[in-house]
>>> print(open('structure.cif').read())   # mmCIF, C-alpha atoms
data_model
loop_
_atom_site.group_PDB
_atom_site.id
_atom_site.type_symbol
_atom_site.label_atom_id
_atom_site.label_comp_id
_atom_site.auth_asym_id
_atom_site.auth_seq_id
_atom_site.Cartn_x
_atom_site.Cartn_y
_atom_site.Cartn_z
ATOM 1 C CA MET R 507 65.500 59.903 -2.941
ATOM 2 C CA SER R 508 65.781 63.214 -4.828
ATOM 3 C CA ILE R 509 68.732 65.529 -4.261
ATOM 4 C CA ILE R 510 69.218 69.204 -5.051
ATOM 5 C CA PHE R 511 72.882 70.170 -5.300
ATOM 6 C CA LEU R 512 72.596 73.794 -4.284
ATOM 7 C CA ASP R 513 74.742 76.828 -4.780
ATOM 8 C CA ILE R 514 73.633 79.850 -2.735
ATOM 9 C CA ASP R 515 75.030 82.974 -4.387
ATOM 10 C CA GLY R 516 73.223 83.584 -7.656
ATOM 11 C CA VAL R 517 70.547 81.030 -6.743
ATOM 12 C CA LEU R 518 68.981 82.032 -3.407
ATOM 13 C CA ALA R 519 70.959 85.237 -2.821
ATOM 14 C CA THR R 520 71.004 87.377 -5.945
ATOM 15 C CA HIS R 521 73.595 89.921 -7.003
ATOM 16 C CA LYS R 522 71.563 92.608 -5.197
ATOM 17 C CA GLN R 523 71.893 90.842 -1.833
ATOM 18 C CA TYR R 524 75.542 89.984 -2.428
ATOM 19 C CA MET R 525 76.395 93.636 -3.140
ATOM 20 C CA MET R 526 74.387 95.150 -0.260
ATOM 21 C CA ASN R 527 75.995 97.001 2.620
ATOM 22 C CA ARG R 528 76.642 94.098 4.964
ATOM 23 C CA LYS R 529 77.345 96.234 8.014
ATOM 24 C CA LYS R 530 74.001 98.026 7.653
ATOM 25 C CA PHE R 531 72.239 94.677 7.210
ATOM 26 C CA GLN R 532 73.836 93.239 10.341
ATOM 27 C CA ASP R 533 73.222 96.428 12.335
ATOM 28 C CA LYS R 534 69.504 96.213 11.456
ATOM 29 C CA ASN R 535 69.432 92.467 12.165
ATOM 30 C CA PRO R 536 71.352 91.635 15.362
ATOM 31 C CA ASN R 537 70.488 87.922 14.917
ATOM 32 C CA ALA R 538 72.201 87.987 11.529
ATOM 33 C CA LYS R 539 75.328 89.438 13.067
ATOM 34 C CA GLU R 540 75.298 86.837 15.841
ATOM 35 C CA LEU R 541 74.834 84.027 13.285
ATOM 36 C CA ARG R 542 77.511 85.535 10.987
ATOM 37 C CA ILE R 543 75.035 85.882 8.117
ATOM 38 C CA PRO R 544 76.728 88.203 5.618
ATOM 39 C CA TYR R 545 73.555 89.129 3.694
ATOM 40 C CA PRO R 546 69.999 87.831 3.330
ATOM 41 C CA PHE R 547 68.610 85.537 0.672
ATOM 42 C CA ASP R 548 66.207 87.075 -1.834
ATOM 43 C CA PRO R 549 62.677 86.553 -0.407
ATOM 44 C CA LYS R 550 61.216 85.832 -3.866
ATOM 45 C CA CYS R 551 63.901 83.220 -4.516
ATOM 46 C CA VAL R 552 63.179 81.632 -1.129
ATOM 47 C CA LYS R 553 59.443 81.498 -1.956
ATOM 48 C CA ILE R 554 60.106 79.719 -5.274
ATOM 49 C CA PHE R 555 62.690 77.401 -3.707
ATOM 50 C CA ASN R 556 60.250 76.447 -0.940
ATOM 51 C CA GLU R 557 57.658 75.607 -3.603
ATOM 52 C CA ILE R 558 60.233 73.376 -5.327
ATOM 53 C CA LEU R 559 61.006 71.628 -2.023
ATOM 54 C CA ASP R 560 57.297 71.169 -1.262
ATOM 55 C CA GLU R 561 56.514 69.725 -4.699
ATOM 56 C CA THR R 562 59.508 67.379 -4.912
ATOM 57 C CA GLY R 563 60.354 66.419 -1.327
ATOM 58 C CA ALA R 564 64.012 66.667 -2.350
ATOM 59 C CA ASP R 565 66.881 66.811 0.118
ATOM 60 C CA ILE R 566 69.530 69.503 -0.238
ATOM 61 C CA VAL R 567 73.262 68.881 -0.560
ATOM 62 C CA LEU R 568 75.266 72.084 -0.405
ATOM 63 C CA SER R 569 77.732 72.482 -3.266
ATOM 64 C CA SER R 570 78.218 76.214 -2.613
ATOM 65 C CA ASP R 571 81.491 77.633 -1.347
ATOM 66 C CA TRP R 572 79.545 78.567 1.785
ATOM 67 C CA LYS R 573 80.433 75.030 2.943
ATOM 68 C CA LEU R 574 84.011 76.270 3.378
ATOM 69 C CA HIS R 575 82.973 79.002 5.822
ATOM 70 C CA TYR R 576 80.038 77.512 7.734
ATOM 71 C CA SER R 577 79.242 74.193 9.379
ATOM 72 C CA LEU R 578 75.985 72.392 8.539
ATOM 73 C CA GLU R 579 74.683 73.584 11.903
ATOM 74 C CA ASP R 580 75.469 77.203 10.946
ATOM 75 C CA ILE R 581 73.885 76.692 7.515
ATOM 76 C CA ASP R 582 70.757 75.327 9.197
ATOM 77 C CA LYS R 583 70.462 78.530 11.248
ATOM 78 C CA ILE R 584 71.057 80.668 8.152
ATOM 79 C CA PHE R 585 68.389 78.778 6.164
ATOM 80 C CA LYS R 586 65.905 79.113 9.036
ATOM 81 C CA PHE R 587 66.714 82.828 9.412
ATOM 82 C CA ASN R 588 65.892 83.264 5.703
ATOM 83 C CA GLY R 589 62.681 81.206 5.843
ATOM 84 C CA VAL R 590 63.841 78.221 3.777
ATOM 85 C CA ASN R 591 61.659 75.196 4.624
ATOM 86 C CA LYS R 592 64.530 72.680 4.625
ATOM 87 C CA SER R 593 68.226 72.855 5.357
ATOM 88 C CA PRO R 594 71.038 70.961 3.650
ATOM 89 C CA VAL R 595 71.607 67.438 4.924
ATOM 90 C CA ASP R 596 75.172 67.227 3.619
ATOM 91 C CA THR R 597 77.861 68.976 1.588
ATOM 92 C CA THR R 598 79.984 67.917 -1.339
ATOM 93 C CA ILE R 599 83.681 67.213 -0.766
ATOM 94 C CA ASN R 600 86.295 69.979 -0.717
ATOM 95 C CA GLU R 601 88.727 68.384 -3.166
ATOM 96 C CA ASP R 602 89.733 70.116 -6.370
ATOM 97 C CA ALA R 603 90.181 68.618 -9.809
ATOM 98 C CA SER R 604 91.710 71.729 -11.325
ATOM 99 C CA MET R 605 93.974 74.505 -10.145
ATOM 100 C CA GLY R 606 91.853 77.660 -10.149
ATOM 101 C CA ASN R 607 88.843 76.489 -12.195
ATOM 102 C CA GLN R 608 86.020 76.845 -9.666
ATOM 103 C CA THR R 609 83.368 75.640 -12.110
ATOM 104 C CA MET R 610 85.264 72.454 -13.000
ATOM 105 C CA ASN R 611 85.989 71.824 -9.327
ATOM 106 C CA ARG R 612 82.339 72.141 -8.387
ATOM 107 C CA ALA R 613 81.323 69.724 -11.172
ATOM 108 C CA PHE R 614 83.989 67.279 -9.967
ATOM 109 C CA GLN R 615 82.812 67.541 -6.347
ATOM 110 C CA ILE R 616 79.194 66.919 -7.329
ATOM 111 C CA GLY R 617 80.178 64.026 -9.597
ATOM 112 C CA GLU R 618 82.179 62.453 -6.782
ATOM 113 C CA TYR R 619 79.194 62.770 -4.410
ATOM 114 C CA VAL R 620 76.809 61.254 -6.961
ATOM 115 C CA THR R 621 79.137 58.310 -7.606
ATOM 116 C CA ARG R 622 80.044 57.675 -3.948
ATOM 117 C CA ASN R 623 76.388 57.739 -2.842
ATOM 118 C CA ASN R 624 74.907 56.093 -5.953
ATOM 119 C CA ILE R 625 72.536 59.031 -6.534
ATOM 120 C CA THR R 626 70.428 58.813 -9.698
ATOM 121 C CA ASN R 627 67.683 61.388 -9.162
ATOM 122 C CA TYR R 628 69.185 64.819 -8.721
ATOM 123 C CA VAL R 629 69.464 68.330 -10.065
ATOM 124 C CA VAL R 630 72.316 70.824 -9.840
ATOM 125 C CA ILE R 631 71.290 74.485 -9.447
ATOM 126 C CA ASP R 632 74.100 76.980 -9.890
ATOM 127 C CA ASP R 633 74.969 80.297 -11.502
ATOM 128 C CA LEU R 634 78.302 78.814 -12.612
ATOM 129 C CA ASN R 635 78.032 76.736 -15.777
ATOM 130 C CA VAL R 636 78.733 73.452 -14.002
ATOM 131 C CA GLY R 637 76.798 71.673 -16.764
ATOM 132 C CA LYS R 638 79.679 72.384 -19.129
ATOM 133 C CA TYR R 639 81.743 69.840 -17.198
ATOM 134 C CA MET R 640 78.879 67.414 -16.601
ATOM 135 C CA VAL R 641 78.836 66.580 -20.322
ATOM 136 C CA ILE R 642 81.591 64.069 -19.642
ATOM 137 C CA THR R 643 79.183 61.937 -17.594
ATOM 138 C CA ASN R 644 76.195 62.613 -19.885
ATOM 139 C CA GLU R 645 74.392 64.279 -16.982
ATOM 140 C CA GLU R 646 74.280 67.845 -18.315
ATOM 141 C CA ASN R 647 70.470 67.499 -18.555
ATOM 142 C CA LYS R 648 70.403 67.465 -14.726
ATOM 143 C CA PHE R 649 71.835 70.985 -14.540
ATOM 144 C CA VAL R 650 69.906 74.250 -14.246
ATOM 145 C CA LEU R 651 71.834 77.471 -14.829
ATOM 146 C CA THR R 652 70.572 80.561 -13.039
ATOM 147 C CA ASN R 653 71.274 84.202 -13.722
ATOM 148 C CA ASP R 654 72.933 85.779 -10.673
ATOM 149 C CA PHE R 655 70.604 88.799 -10.900
ATOM 150 C CA GLU R 656 67.461 86.614 -10.768
ATOM 151 C CA GLY R 657 68.367 83.308 -9.097
ATOM 152 C CA VAL R 658 65.603 80.693 -8.977
ATOM 153 C CA LYS R 659 62.901 83.317 -9.436
ATOM 154 C CA GLN R 660 63.966 83.446 -13.091
ATOM 155 C CA LEU R 661 61.099 82.585 -15.435
ATOM 156 C CA SER R 662 60.655 78.828 -16.109
ATOM 157 C CA ILE R 663 63.443 77.740 -13.721
ATOM 158 C CA LYS R 664 61.011 76.374 -11.112
ATOM 159 C CA ASN R 665 59.202 74.113 -13.586
ATOM 160 C CA LYS R 666 62.465 72.889 -15.105
ATOM 161 C CA ILE R 667 63.812 71.867 -11.675
ATOM 162 C CA ILE R 668 60.562 70.166 -10.678
ATOM 163 C CA ASN R 669 60.406 68.278 -13.988
ATOM 164 C CA ILE R 670 63.990 67.016 -13.618
ATOM 165 C CA LEU R 671 63.356 65.755 -10.071
ATOM 166 C CA ASN R 672 59.880 64.331 -10.622
ATOM 167 C CA ASN R 673 60.847 62.551 -13.842
ATOM 168 C CA GLY R 674 64.258 61.506 -12.439
#
>>> encode(input="structure.cif", output="structure tokens")
Amino acid sequence: MSIIFLDIDGVLATHKQYMMNRKKFQDKNPNAKELRIPYPFDPKCVKIFNEILDETGADIVLSSDWKLHYSLEDIDKIFKFNGVNKSPVDTTINEDASMGNQTMNRAFQIGEYVTRNNITNYVVIDDLNVGKYMVITNEENKFVLTNDFEGVKQLSIKNKIINILNNG
């Protein structure tokens, strides 16, 4: 089993989407308002991410802070609204290892999930440098850092993710 630990902002939704006028977006898209979707994912990022899912067959575990605001059922609707081929099957825990260090906390939450579920073949995709804290477990090579202006459409990111998962 291959797992993608997925952040959303800076990976599927770029800075452009995050900064858009949310009211205008929801007014133009009544379904988005009903589903409480704050802004869309970047269509080019979704296309690349779908190609990654198709080539690896990986399952998605949500590590994004979106897990604090939406249930898995809500996330499923949001992913479908945005045209993502698969929805997350689970989320990481909501425990913190550090007061105020979001990056360290995310690394801790992913590490806890990996250990608890005995996951060996995985990749972490995030615009926070979670890999900095994965060095402790010698798993920093399973981390792919995205630029929040480009997300997964960033040059060479797709191949790096596929190589990590297919050579697990």
>>> closest_residue(input="structure.cif", among="R:Gln532, R:Asn600, R:Gln660, R:Asn607", to="Cys551 in chain R", atoms="all atoms listed in the file")
R:Gln660
>>> resolve_selection(input="structure.cif", expression="the PyMOL selection byres ((chain R and resi 553) around 12)", output="VMD selection string")
chain R and resid 518 547 to 552 554 to 560 588 to 591 657 to 659 664
>>> atom_distance(input="structure.cif", atom1="CA of Tyr524 in chain R", atom2="CA of Pro544 in chain R")
8.3 Å
>>> closest_residue(input="structure.cif", among="R:Lys539, R:Lys592, R:Lys522, R:Arg612", to="Asp565 in chain R", atoms="all atoms listed in the file")
R:Lys592
>>> resolve_selection(input="structure.cif", expression="the PyMOL selection byres ((chain R and resi 517) around 8)", output="ChimeraX atom specification")
/R:512-516,518-520,551,631-633,652-654,656-658
>>> residues_around(input="structure.cif", residues="Ser604 in chain R", least_positions_apart="6", cutoff="12 Å", atoms="only C-alpha atoms", output="list of chain:residue names")
R:Met610, R:Asn611, R:Arg612, R:Ala613, R:Phe614, R:Gln615, R:Tyr639
>>> write_last_selection(input="structure.cif", atoms="C-alpha atoms", output="short mmCIF file (atom, residue, chain, number, x, y, z; two decimals), in the coordinates of the input")
data_model
loop_
_atom_site.label_atom_id
_atom_site.label_comp_id
_atom_site.auth_asym_id
_atom_site.auth_seq_id
_atom_site.Cartn_x
_atom_site.Cartn_y
_atom_site.Cartn_z
CA MET R 610 85.26 72.45 -13.00
CA ASN R 611 85.99 71.82 -9.33
CA ARG R 612 82.34 72.14 -8.39
CA ALA R 613 81.32 69.72 -11.17
CA PHE R 614 83.99 67.28 -9.97
CA GLN R 615 82.81 67.54 -6.35
CA TYR R 639 81.74 69.84 -17.20
#
>>> axis_aligned_box(input="structure.cif", around="range 664-667 of chain R", padding_each_side="5 Å", output="lines of an AutoDock Vina configuration file")
center_x = 61.5
center_y = 74.1
center_z = -13.1
size_x = 14.6
size_y = 14.5
size_z = 14.0
>>> resolve_selection(input="structure.cif", expression="the PyMOL selection byres ((chain R and resi 570-578) around 7)", output="PDB file with C-alpha atoms, in the coordinates of the input")
ATOM      1  CA  LEU R 512      72.596  73.794  -4.284  1.00  0.00           C
ATOM      2  CA  ASP R 513      74.742  76.828  -4.780  1.00  0.00           C
ATOM      3  CA  ILE R 514      73.633  79.850  -2.735  1.00  0.00           C
ATOM      4  CA  LEU R 568      75.266  72.084  -0.405  1.00  0.00           C
ATOM      5  CA  SER R 569      77.732  72.482  -3.266  1.00  0.00           C
ATOM      6  CA  GLU R 579      74.683  73.584  11.903  1.00  0.00           C
ATOM      7  CA  ASP R 580      75.469  77.203  10.946  1.00  0.00           C
ATOM      8  CA  ILE R 581      73.885  76.692   7.515  1.00  0.00           C
ATOM      9  CA  ASP R 582      70.757  75.327   9.197  1.00  0.00           C
ATOM     10  CA  THR R 597      77.861  68.976   1.588  1.00  0.00           C
TER      11      THR R 597
END
